[in-house]
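The data block below is coords.cif; it holds mmCIF, C-alpha atoms.
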data_start
#
loop_
_atom_site.group_PDB
_atom_site.id
_atom_site.type_symbol
_atom_site.label_atom_id
_atom_site.label_comp_id
_atom_site.auth_asym_id
_atom_site.auth_seq_id
_atom_site.Cartn_x
_atom_site.Cartn_y
_atom_site.Cartn_z
ATOM 1 C CA MET A 1 142.441 62.562 134.262
ATOM 2 C CA ILE A 2 141.154 61.877 130.767
ATOM 3 C CA ALA A 3 137.448 62.414 130.998
ATOM 4 C CA ASN A 4 135.041 60.352 128.979
ATOM 5 C CA GLU A 5 131.491 61.193 127.962
ATOM 6 C CA GLU A 6 129.905 59.758 131.101
ATOM 7 C CA THR A 7 132.338 61.553 133.427
ATOM 8 C CA LEU A 8 131.779 64.889 131.706
ATOM 9 C CA ARG A 9 128.004 64.427 131.734
ATOM 10 C CA HIS A 10 128.136 63.585 135.457
ATOM 11 C CA LEU A 11 130.302 66.647 136.183
ATOM 12 C CA MET A 12 127.880 68.863 134.246
ATOM 13 C CA VAL A 13 124.860 67.519 136.132
ATOM 14 C CA LYS A 14 126.619 68.145 139.460
ATOM 15 C CA ALA A 15 127.702 71.613 138.290
ATOM 16 C CA GLN A 16 124.113 72.457 137.341
ATOM 17 C CA GLY A 17 123.198 71.462 140.895
ATOM 18 C CA GLY A 18 125.665 73.989 142.295
ATOM 19 C CA ASP A 19 128.741 71.831 142.984
ATOM 20 C CA LYS A 20 131.611 74.293 142.469
ATOM 21 C CA GLN A 21 134.343 71.669 142.584
ATOM 22 C CA CYS A 22 132.648 69.612 139.864
ATOM 23 C CA TYR A 23 132.159 72.767 137.815
ATOM 24 C CA SER A 24 135.846 73.587 138.110
ATOM 25 C CA SER A 25 136.755 70.036 137.029
ATOM 26 C CA LEU A 26 134.272 70.245 134.160
ATOM 27 C CA LEU A 27 135.853 73.461 132.893
ATOM 28 C CA MET A 28 139.371 72.016 133.092
ATOM 29 C CA GLU A 29 138.396 68.847 131.230
ATOM 30 C CA SER A 30 136.360 70.803 128.692
ATOM 31 C CA GLU A 31 139.351 73.045 128.066
ATOM 32 C CA LYS A 32 141.548 70.016 127.314
ATOM 33 C CA TRP A 33 138.908 68.558 125.006
ATOM 34 C CA LEU A 34 138.409 71.900 123.189
ATOM 35 C CA ARG A 35 142.156 72.311 122.641
ATOM 36 C CA ARG A 36 142.235 68.925 120.912
ATOM 37 C CA TYR A 37 139.043 69.774 118.993
ATOM 38 C CA TYR A 38 140.415 73.075 117.659
ATOM 39 C CA ALA A 39 143.972 71.827 117.072
ATOM 40 C CA ARG A 40 143.080 70.481 113.628
ATOM 41 C CA LYS A 41 140.819 73.369 112.686
ATOM 42 C CA ILE A 42 142.556 76.676 113.371
ATOM 43 C CA ASN A 43 145.864 78.439 113.574
ATOM 44 C CA PRO A 44 147.593 77.320 116.810
ATOM 45 C CA ALA A 45 148.073 80.962 117.838
ATOM 46 C CA ALA A 46 144.286 81.441 117.945
ATOM 47 C CA ILE A 47 143.428 78.364 120.020
ATOM 48 C CA ASP A 48 143.697 80.047 123.437
ATOM 49 C CA ASP A 49 141.243 82.818 122.584
ATOM 50 C CA LEU A 50 138.761 80.479 120.942
ATOM 51 C CA VAL A 51 138.904 78.010 123.844
ATOM 52 C CA GLN A 52 138.222 80.847 126.298
ATOM 53 C CA GLU A 53 135.314 82.167 124.217
ATOM 54 C CA THR A 54 133.864 78.670 124.056
ATOM 55 C CA LEU A 55 134.216 78.156 127.816
ATOM 56 C CA ILE A 56 132.441 81.467 128.377
ATOM 57 C CA SER A 57 129.641 80.264 126.097
ATOM 58 C CA LEU A 58 129.511 76.979 128.006
ATOM 59 C CA HIS A 59 129.160 78.982 131.221
ATOM 60 C CA ARG A 60 126.365 81.118 129.774
ATOM 61 C CA LYS A 61 124.518 78.162 128.241
ATOM 62 C CA ARG A 62 124.999 75.659 131.066
ATOM 63 C CA ALA A 63 121.376 75.983 132.210
ATOM 64 C CA SER A 64 120.214 74.871 128.745
ATOM 65 C CA TYR A 65 122.059 71.546 128.964
ATOM 66 C CA ASP A 66 119.681 68.576 129.172
ATOM 67 C CA PRO A 67 121.171 66.030 131.625
ATOM 68 C CA THR A 68 119.470 63.159 129.791
ATOM 69 C CA LYS A 69 121.528 63.905 126.654
ATOM 70 C CA ALA A 70 125.198 63.356 125.865
ATOM 71 C CA PHE A 71 127.538 66.165 126.921
ATOM 72 C CA LEU A 72 130.249 66.063 124.232
ATOM 73 C CA PRO A 73 127.935 66.665 121.256
ATOM 74 C CA TRP A 74 126.480 69.627 123.163
ATOM 75 C CA LEU A 75 129.980 70.991 123.822
ATOM 76 C CA ALA A 76 131.030 70.313 120.212
ATOM 77 C CA ALA A 77 128.020 72.277 118.950
ATOM 78 C CA ILE A 78 128.998 75.264 121.096
ATOM 79 C CA GLY A 79 132.585 74.923 119.888
ATOM 80 C CA ARG A 80 131.502 74.744 116.254
ATOM 81 C CA TYR A 81 129.352 77.883 116.606
ATOM 82 C CA ARG A 82 132.210 79.791 118.267
ATOM 83 C CA TRP A 83 134.589 78.654 115.520
ATOM 84 C CA ILE A 84 132.209 79.751 112.762
ATOM 85 C CA ASP A 85 131.684 83.078 114.559
ATOM 86 C CA SER A 86 135.442 83.607 114.690
ATOM 87 C CA LEU A 87 135.739 82.834 110.977
ATOM 88 C CA ARG A 88 132.931 85.284 110.253
ATOM 89 C CA LYS A 89 134.587 88.043 112.327
ATOM 90 C CA ILE A 90 137.919 87.517 110.624
ATOM 91 C CA TYR A 91 136.315 87.446 107.195
ATOM 92 C CA ARG A 92 134.336 90.642 107.749
ATOM 93 C CA HIS A 93 137.074 92.567 109.532
ATOM 94 C CA ASP A 94 139.869 91.830 107.127
ATOM 95 C CA HIS A 95 137.927 91.559 103.880
ATOM 96 C CA ASP A 96 139.626 94.542 102.259
ATOM 97 C CA GLU A 97 143.120 93.684 103.464
ATOM 98 C CA LEU A 98 143.177 89.952 102.813
ATOM 99 C CA TYR A 99 144.754 90.021 99.386
ATOM 100 C CA GLU A 100 147.679 92.125 100.611
ATOM 101 C CA GLU A 101 148.172 89.790 103.556
ATOM 102 C CA MET A 102 148.110 86.717 101.323
ATOM 103 C CA VAL A 103 151.147 88.067 99.497
ATOM 104 C CA ALA A 104 152.871 89.145 102.709
ATOM 105 C CA ASP A 105 152.291 86.098 104.942
ATOM 106 C CA PRO A 106 150.131 83.171 103.839
ATOM 107 C CA GLN A 107 150.220 81.706 107.367
ATOM 108 C CA GLU A 108 148.450 84.743 108.849
ATOM 109 C CA GLU A 109 145.305 83.720 110.754
ATOM 110 C CA SER A 110 142.905 85.879 108.764
ATOM 111 C CA VAL A 111 144.240 84.579 105.458
ATOM 112 C CA THR A 112 143.994 81.002 106.649
ATOM 113 C CA ALA A 113 140.440 81.578 107.867
ATOM 114 C CA LYS A 114 139.345 83.213 104.601
ATOM 115 C CA VAL A 115 140.930 80.474 102.523
ATOM 116 C CA SER A 116 139.309 77.822 104.749
ATOM 117 C CA LEU A 117 135.921 79.500 104.491
ATOM 118 C CA GLU A 118 136.200 79.910 100.723
ATOM 119 C CA ARG A 119 137.288 76.277 100.407
ATOM 120 C CA LEU A 120 134.283 75.148 102.467
ATOM 121 C CA LEU A 121 131.921 77.296 100.413
ATOM 122 C CA GLY A 122 133.417 75.773 97.264
ATOM 123 C CA MET A 123 132.608 72.283 98.508
ATOM 124 C CA ILE A 124 128.847 72.834 98.736
ATOM 125 C CA PRO A 125 126.354 73.519 95.939
ATOM 126 C CA GLU A 126 126.702 76.982 94.408
ATOM 127 C CA LYS A 127 123.172 78.151 95.290
ATOM 128 C CA GLN A 128 123.759 77.261 98.944
ATOM 129 C CA ALA A 129 127.186 78.915 99.001
ATOM 130 C CA ASP A 130 125.821 82.083 97.389
ATOM 131 C CA VAL A 131 123.023 82.610 99.919
ATOM 132 C CA ILE A 132 125.264 81.728 102.869
ATOM 133 C CA ALA A 133 127.778 84.334 101.714
ATOM 134 C CA MET A 134 125.053 86.931 101.179
ATOM 135 C CA VAL A 135 123.188 86.415 104.460
ATOM 136 C CA LYS A 136 125.766 85.121 106.939
ATOM 137 C CA ILE A 137 128.875 86.944 105.723
ATOM 138 C CA GLU A 138 127.725 90.051 103.877
ATOM 139 C CA GLY A 139 124.805 90.631 106.253
ATOM 140 C CA LEU A 140 121.978 90.831 103.731
ATOM 141 C CA SER A 141 118.468 89.978 104.853
ATOM 142 C CA ILE A 142 116.692 86.843 103.658
ATOM 143 C CA ALA A 143 114.442 89.029 101.491
ATOM 144 C CA GLU A 144 117.413 90.820 99.898
ATOM 145 C CA ALA A 145 119.174 87.527 99.178
ATOM 146 C CA ALA A 146 115.972 86.110 97.679
ATOM 147 C CA GLU A 147 115.631 89.151 95.431
ATOM 148 C CA GLN A 148 119.253 88.963 94.248
ATOM 149 C CA THR A 149 119.197 85.217 93.567
ATOM 150 C CA GLY A 150 115.651 84.879 92.275
ATOM 151 C CA GLN A 151 114.926 82.241 94.913
ATOM 152 C CA SER A 152 111.922 82.395 97.212
ATOM 153 C CA GLU A 153 112.593 83.442 100.811
ATOM 154 C CA SER A 154 111.725 79.910 101.935
ATOM 155 C CA LEU A 155 114.210 78.424 99.489
ATOM 156 C CA VAL A 156 116.913 80.838 100.675
ATOM 157 C CA LYS A 157 116.331 79.683 104.266
ATOM 158 C CA VAL A 158 116.410 76.024 103.217
ATOM 159 C CA ASN A 159 119.597 76.535 101.195
ATOM 160 C CA ILE A 160 121.282 78.281 104.123
ATOM 161 C CA HIS A 161 120.267 75.526 106.524
ATOM 162 C CA ARG A 162 121.372 72.720 104.195
ATOM 163 C CA GLY A 163 124.587 74.479 103.258
ATOM 164 C CA LEU A 164 125.581 75.123 106.870
ATOM 165 C CA LYS A 165 124.730 71.532 107.726
ATOM 166 C CA LYS A 166 126.956 70.265 104.887
ATOM 167 C CA MET A 167 129.752 72.633 105.930
ATOM 168 C CA SER A 168 129.482 71.387 109.524
ATOM 169 C CA ALA A 169 129.701 67.796 108.317
ATOM 170 C CA LEU A 170 132.769 68.648 106.246
ATOM 171 C CA ILE A 171 134.376 70.353 109.227
ATOM 172 C CA GLU A 172 133.653 67.392 111.499
ATOM 173 C CA SER A 173 135.058 64.936 108.935
ATOM 174 C CA GLU A 174 138.354 66.838 108.831
#
What is this structure when it is put down as structure tokens?
Amino acid sequence: MIANEETLRHLMVKAQGGDKQCYSSLLMESEKWLRRYYARKINPAAIDDLVQETLISLHRKRASYDPTKAFLPWLAAIGRYRWIDSLRKIYRHDHDELYEEMVADPQEESVTAKVSLERLLGMIPEKQADVIAMVKIEGLSIAEAAEQTGQSESLVKVNIHRGLKKMSALIESE
């Protein structure tokens, strides 16, 4: 079965009502959709883990789904957040070792993720990229980022929001 938007929305509504069979079908169809969604975005070896993490998030967030809204954009948003989280984990964890790995094996997942993240950051305005790197990757507070960049805290928040929105649009367009 190739599920369309209406079928998935119907399965989700039934699953929210407690229908276990519909929930099982929803998870299977969501898994197929997520595999296609991630296939163009990440290293094929990492797809299984990311699909499972996303399905777990779907399970945890299922009560927040609004049955009057489309299902696939809701699922895509969860998938995008899980993907960005995985990029962030890889970037933080392997930050010190990335340059060695780039020489050793450029197809390594962490290298690919760092290069992808750096490429995305290079495609948005510098002020947005700087504050995103400071707050979302390095873990600085909004106040610390504002102090380092000379921007107001409000402007830092706006730049982060706009930068992430542009990065999301770039990701979706690819």
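By only C-alpha atoms, and with residues fewer than 6 positions from range 167-172 of chain A along its chain excluded, the set lying at most 9 Å from it is Lys41, Arg80, Leu120, Leu121, Met123 and Ile124 of chain A.
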Task: Of the listed residues A:Lys14, A:Arg36, A:Arg82, A:Lys69, that which approaches Ile56 in chain A most closely, counting all atoms listed in the file - done: A:Arg82
Give as a short mmCIF file (atom, residue, chain, number, x, y, z; two decimals) with C-alpha atoms, keeping the file's coordinate frame every residue, naming chains and numbers as the document does, that has an atom within 12 Å of (143.9, 82.0, 120.2), counting all atoms listed in the file.
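Output contents, as saved in part13.cif:
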data_model
loop_
_atom_site.label_atom_id
_atom_site.label_comp_id
_atom_site.auth_asym_id
_atom_site.auth_seq_id
_atom_site.Cartn_x
_atom_site.Cartn_y
_atom_site.Cartn_z
CA LEU A 34 138.41 71.90 123.19
CA ARG A 35 142.16 72.31 122.64
CA TYR A 38 140.42 73.08 117.66
CA ALA A 39 143.97 71.83 117.07
CA LYS A 41 140.82 73.37 112.69
CA ILE A 42 142.56 76.68 113.37
CA ASN A 43 145.86 78.44 113.57
CA PRO A 44 147.59 77.32 116.81
CA ALA A 45 148.07 80.96 117.84
CA ALA A 46 144.29 81.44 117.94
CA ILE A 47 143.43 78.36 120.02
CA ASP A 48 143.70 80.05 123.44
CA ASP A 49 141.24 82.82 122.58
CA LEU A 50 138.76 80.48 120.94
CA VAL A 51 138.90 78.01 123.84
CA GLN A 52 138.22 80.85 126.30
CA GLU A 53 135.31 82.17 124.22
CA THR A 54 133.86 78.67 124.06
CA TRP A 83 134.59 78.65 115.52
CA SER A 86 135.44 83.61 114.69
CA GLU A 109 145.30 83.72 110.75
#
Tell me which protein, DNA and RNA residues are within 9 Å of range 136-149 of chain A, counting all atoms listed in the file, leaving out same-chain ones fewer than 6 positions away, and put them as a compact mmCIF listing (two decimals) with C-alpha atoms, in the frame of the given file.
# COMPACT_ATOMS: atom_id res chain seq x y z
CA ARG A 88 132.93 85.28 110.25
CA LYS A 89 134.59 88.04 112.33
CA TYR A 91 136.32 87.45 107.20
CA ARG A 92 134.34 90.64 107.75
CA LYS A 127 123.17 78.15 95.29
CA ASP A 130 125.82 82.08 97.39
CA LEU A 155 114.21 78.42 99.49
CA VAL A 156 116.91 80.84 100.68
CA LYS A 157 116.33 79.68 104.27
CA ILE A 160 121.28 78.28 104.12
Counting all atoms listed in the file, which residues of range 51-73 of chain A fall within 9 Å of range 25-28 of chain A, and what is the closest atom pair for each with its distance in Å at one decimal, ordered by chain and rising number, as JSON lines?
{"residue": "A:Leu55", "atom": "CA", "partner": "A:Leu27", "partner_atom": "CA", "distance": 7.1}
{"residue": "A:Leu58", "atom": "CA", "partner": "A:Leu27", "partner_atom": "CA", "distance": 8.7}
{"residue": "A:His59", "atom": "CA", "partner": "A:Leu27", "partner_atom": "CA", "distance": 8.8}
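The coordinates place CA of Asp85 in chain A at 23.8 Å from CA of Ser154 in chain A.
We find CA of Tyr37 in chain A and CA of Val131 in chain A to be spaced 28.0 Å apart.
Take the candidates A:Val158, A:Leu164, A:Val135, A:Met12 and check each one against Arg62 in chain A using all atoms listed in the file; the shortest distance goes to A:Met12.
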Hey, could you pull the box centre and edge lengths for range 58-66 of chain A, axis-aligned, 4 Å padding per side, all listed atoms, to one decimal in Å, as lines of an AutoDock Vina configuration file?
center_x = 124.6
center_y = 74.8
center_z = 130.1
size_x = 17.8
size_y = 20.5
size_z = 12.2
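Evaluated against this file, the PyMOL selection byres ((chain A and resi 16) around 12) yields A:Arg9, A:His10, A:Leu11, A:Met12, A:Val13, A:Lys14, A:Ala15, A:Gly17, A:Gly18, A:Asp19, A:Lys20, A:Gln21, A:Cys22, A:Tyr23, A:Ser24, A:Leu26, A:Leu58, A:His59, A:Arg60, A:Lys61, A:Arg62, A:Ala63, A:Ser64, A:Tyr65, A:Asp66, A:Pro67.
Atom pair CA of Ile90 in chain A / CA of Arg119 in chain A has a distance of 15.2 Å (rounded to one decimal).
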Please reconstruct the missing atoms of range 130-151 of chain A (target: N, CA and C atoms) and return them as a PDB file, keeping the file's coordinate frame.
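This is the output file result_17.pdb:
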ATOM      1  N   ASP A 130     126.154  80.686  97.694  1.00  0.00           N
ATOM      2  CA  ASP A 130     125.821  82.083  97.389  1.00  0.00           C
ATOM      3  C   ASP A 130     124.966  82.708  98.488  1.00  0.00           C
ATOM      4  N   VAL A 131     123.910  82.008  98.908  1.00  0.00           N
ATOM      5  CA  VAL A 131     123.023  82.610  99.919  1.00  0.00           C
ATOM      6  C   VAL A 131     123.677  82.649 101.290  1.00  0.00           C
ATOM      7  N   ILE A 132     124.531  81.683 101.596  1.00  0.00           N
ATOM      8  CA  ILE A 132     125.264  81.728 102.869  1.00  0.00           C
ATOM      9  C   ILE A 132     126.176  82.948 102.881  1.00  0.00           C
ATOM     10  N   ALA A 133     126.888  83.169 101.786  1.00  0.00           N
ATOM     11  CA  ALA A 133     127.778  84.334 101.714  1.00  0.00           C
ATOM     12  C   ALA A 133     126.981  85.629 101.829  1.00  0.00           C
ATOM     13  N   MET A 134     125.856  85.705 101.147  1.00  0.00           N
ATOM     14  CA  MET A 134     125.053  86.931 101.179  1.00  0.00           C
ATOM     15  C   MET A 134     124.491  87.215 102.568  1.00  0.00           C
ATOM     16  N   VAL A 135     123.894  86.201 103.193  1.00  0.00           N
ATOM     17  CA  VAL A 135     123.188  86.415 104.460  1.00  0.00           C
ATOM     18  C   VAL A 135     124.124  86.357 105.661  1.00  0.00           C
ATOM     19  N   LYS A 136     124.953  85.335 105.738  1.00  0.00           N
ATOM     20  CA  LYS A 136     125.766  85.121 106.939  1.00  0.00           C
ATOM     21  C   LYS A 136     127.067  85.909 106.947  1.00  0.00           C
ATOM     22  N   ILE A 137     127.596  86.232 105.771  1.00  0.00           N
ATOM     23  CA  ILE A 137     128.875  86.944 105.723  1.00  0.00           C
ATOM     24  C   ILE A 137     128.680  88.413 105.374  1.00  0.00           C
ATOM     25  N   GLU A 138     127.930  88.670 104.304  1.00  0.00           N
ATOM     26  CA  GLU A 138     127.725  90.051 103.877  1.00  0.00           C
ATOM     27  C   GLU A 138     126.661  90.770 104.700  1.00  0.00           C
ATOM     28  N   GLY A 139     125.800  90.018 105.379  1.00  0.00           N
ATOM     29  CA  GLY A 139     124.805  90.631 106.253  1.00  0.00           C
ATOM     30  C   GLY A 139     123.508  91.035 105.582  1.00  0.00           C
ATOM     31  N   LEU A 140     123.244  90.518 104.388  1.00  0.00           N
ATOM     32  CA  LEU A 140     121.978  90.831 103.731  1.00  0.00           C
ATOM     33  C   LEU A 140     120.827  90.118 104.443  1.00  0.00           C
ATOM     34  N   SER A 141     119.634  90.638 104.291  1.00  0.00           N
ATOM     35  CA  SER A 141     118.468  89.978 104.853  1.00  0.00           C
ATOM     36  C   SER A 141     118.070  88.823 103.939  1.00  0.00           C
ATOM     37  N   ILE A 142     117.206  87.958 104.460  1.00  0.00           N
ATOM     38  CA  ILE A 142     116.692  86.843 103.658  1.00  0.00           C
ATOM     39  C   ILE A 142     115.985  87.387 102.413  1.00  0.00           C
ATOM     40  N   ALA A 143     115.186  88.437 102.607  1.00  0.00           N
ATOM     41  CA  ALA A 143     114.442  89.029 101.491  1.00  0.00           C
ATOM     42  C   ALA A 143     115.388  89.590 100.429  1.00  0.00           C
ATOM     43  N   GLU A 144     116.447  90.264 100.850  1.00  0.00           N
ATOM     44  CA  GLU A 144     117.413  90.820  99.898  1.00  0.00           C
ATOM     45  C   GLU A 144     118.130  89.711  99.131  1.00  0.00           C
ATOM     46  N   ALA A 145     118.503  88.652  99.840  1.00  0.00           N
ATOM     47  CA  ALA A 145     119.174  87.527  99.178  1.00  0.00           C
ATOM     48  C   ALA A 145     118.227  86.847  98.188  1.00  0.00           C
ATOM     49  N   ALA A 146     116.962  86.719  98.576  1.00  0.00           N
ATOM     50  CA  ALA A 146     115.972  86.110  97.679  1.00  0.00           C
ATOM     51  C   ALA A 146     115.813  86.948  96.416  1.00  0.00           C
ATOM     52  N   GLU A 147     115.777  88.245  96.579  1.00  0.00           N
ATOM     53  CA  GLU A 147     115.631  89.151  95.431  1.00  0.00           C
ATOM     54  C   GLU A 147     116.835  89.041  94.504  1.00  0.00           C
ATOM     55  N   GLN A 148     118.033  89.009  95.070  1.00  0.00           N
ATOM     56  CA  GLN A 148     119.253  88.963  94.248  1.00  0.00           C
ATOM     57  C   GLN A 148     119.424  87.633  93.523  1.00  0.00           C
ATOM     58  N   THR A 149     118.983  86.542  94.165  1.00  0.00           N
ATOM     59  CA  THR A 149     119.197  85.217  93.567  1.00  0.00           C
ATOM     60  C   THR A 149     118.010  84.718  92.765  1.00  0.00           C
ATOM     61  N   GLY A 150     116.851  85.345  92.958  1.00  0.00           N
ATOM     62  CA  GLY A 150     115.651  84.879  92.275  1.00  0.00           C
ATOM     63  C   GLY A 150     115.013  83.681  92.955  1.00  0.00           C
ATOM     64  N   GLN A 151     115.502  83.332  94.135  1.00  0.00           N
ATOM     65  CA  GLN A 151     114.926  82.241  94.913  1.00  0.00           C
ATOM     66  C   GLN A 151     113.838  82.808  95.818  1.00  0.00           C
TER      67      GLN A 151
END
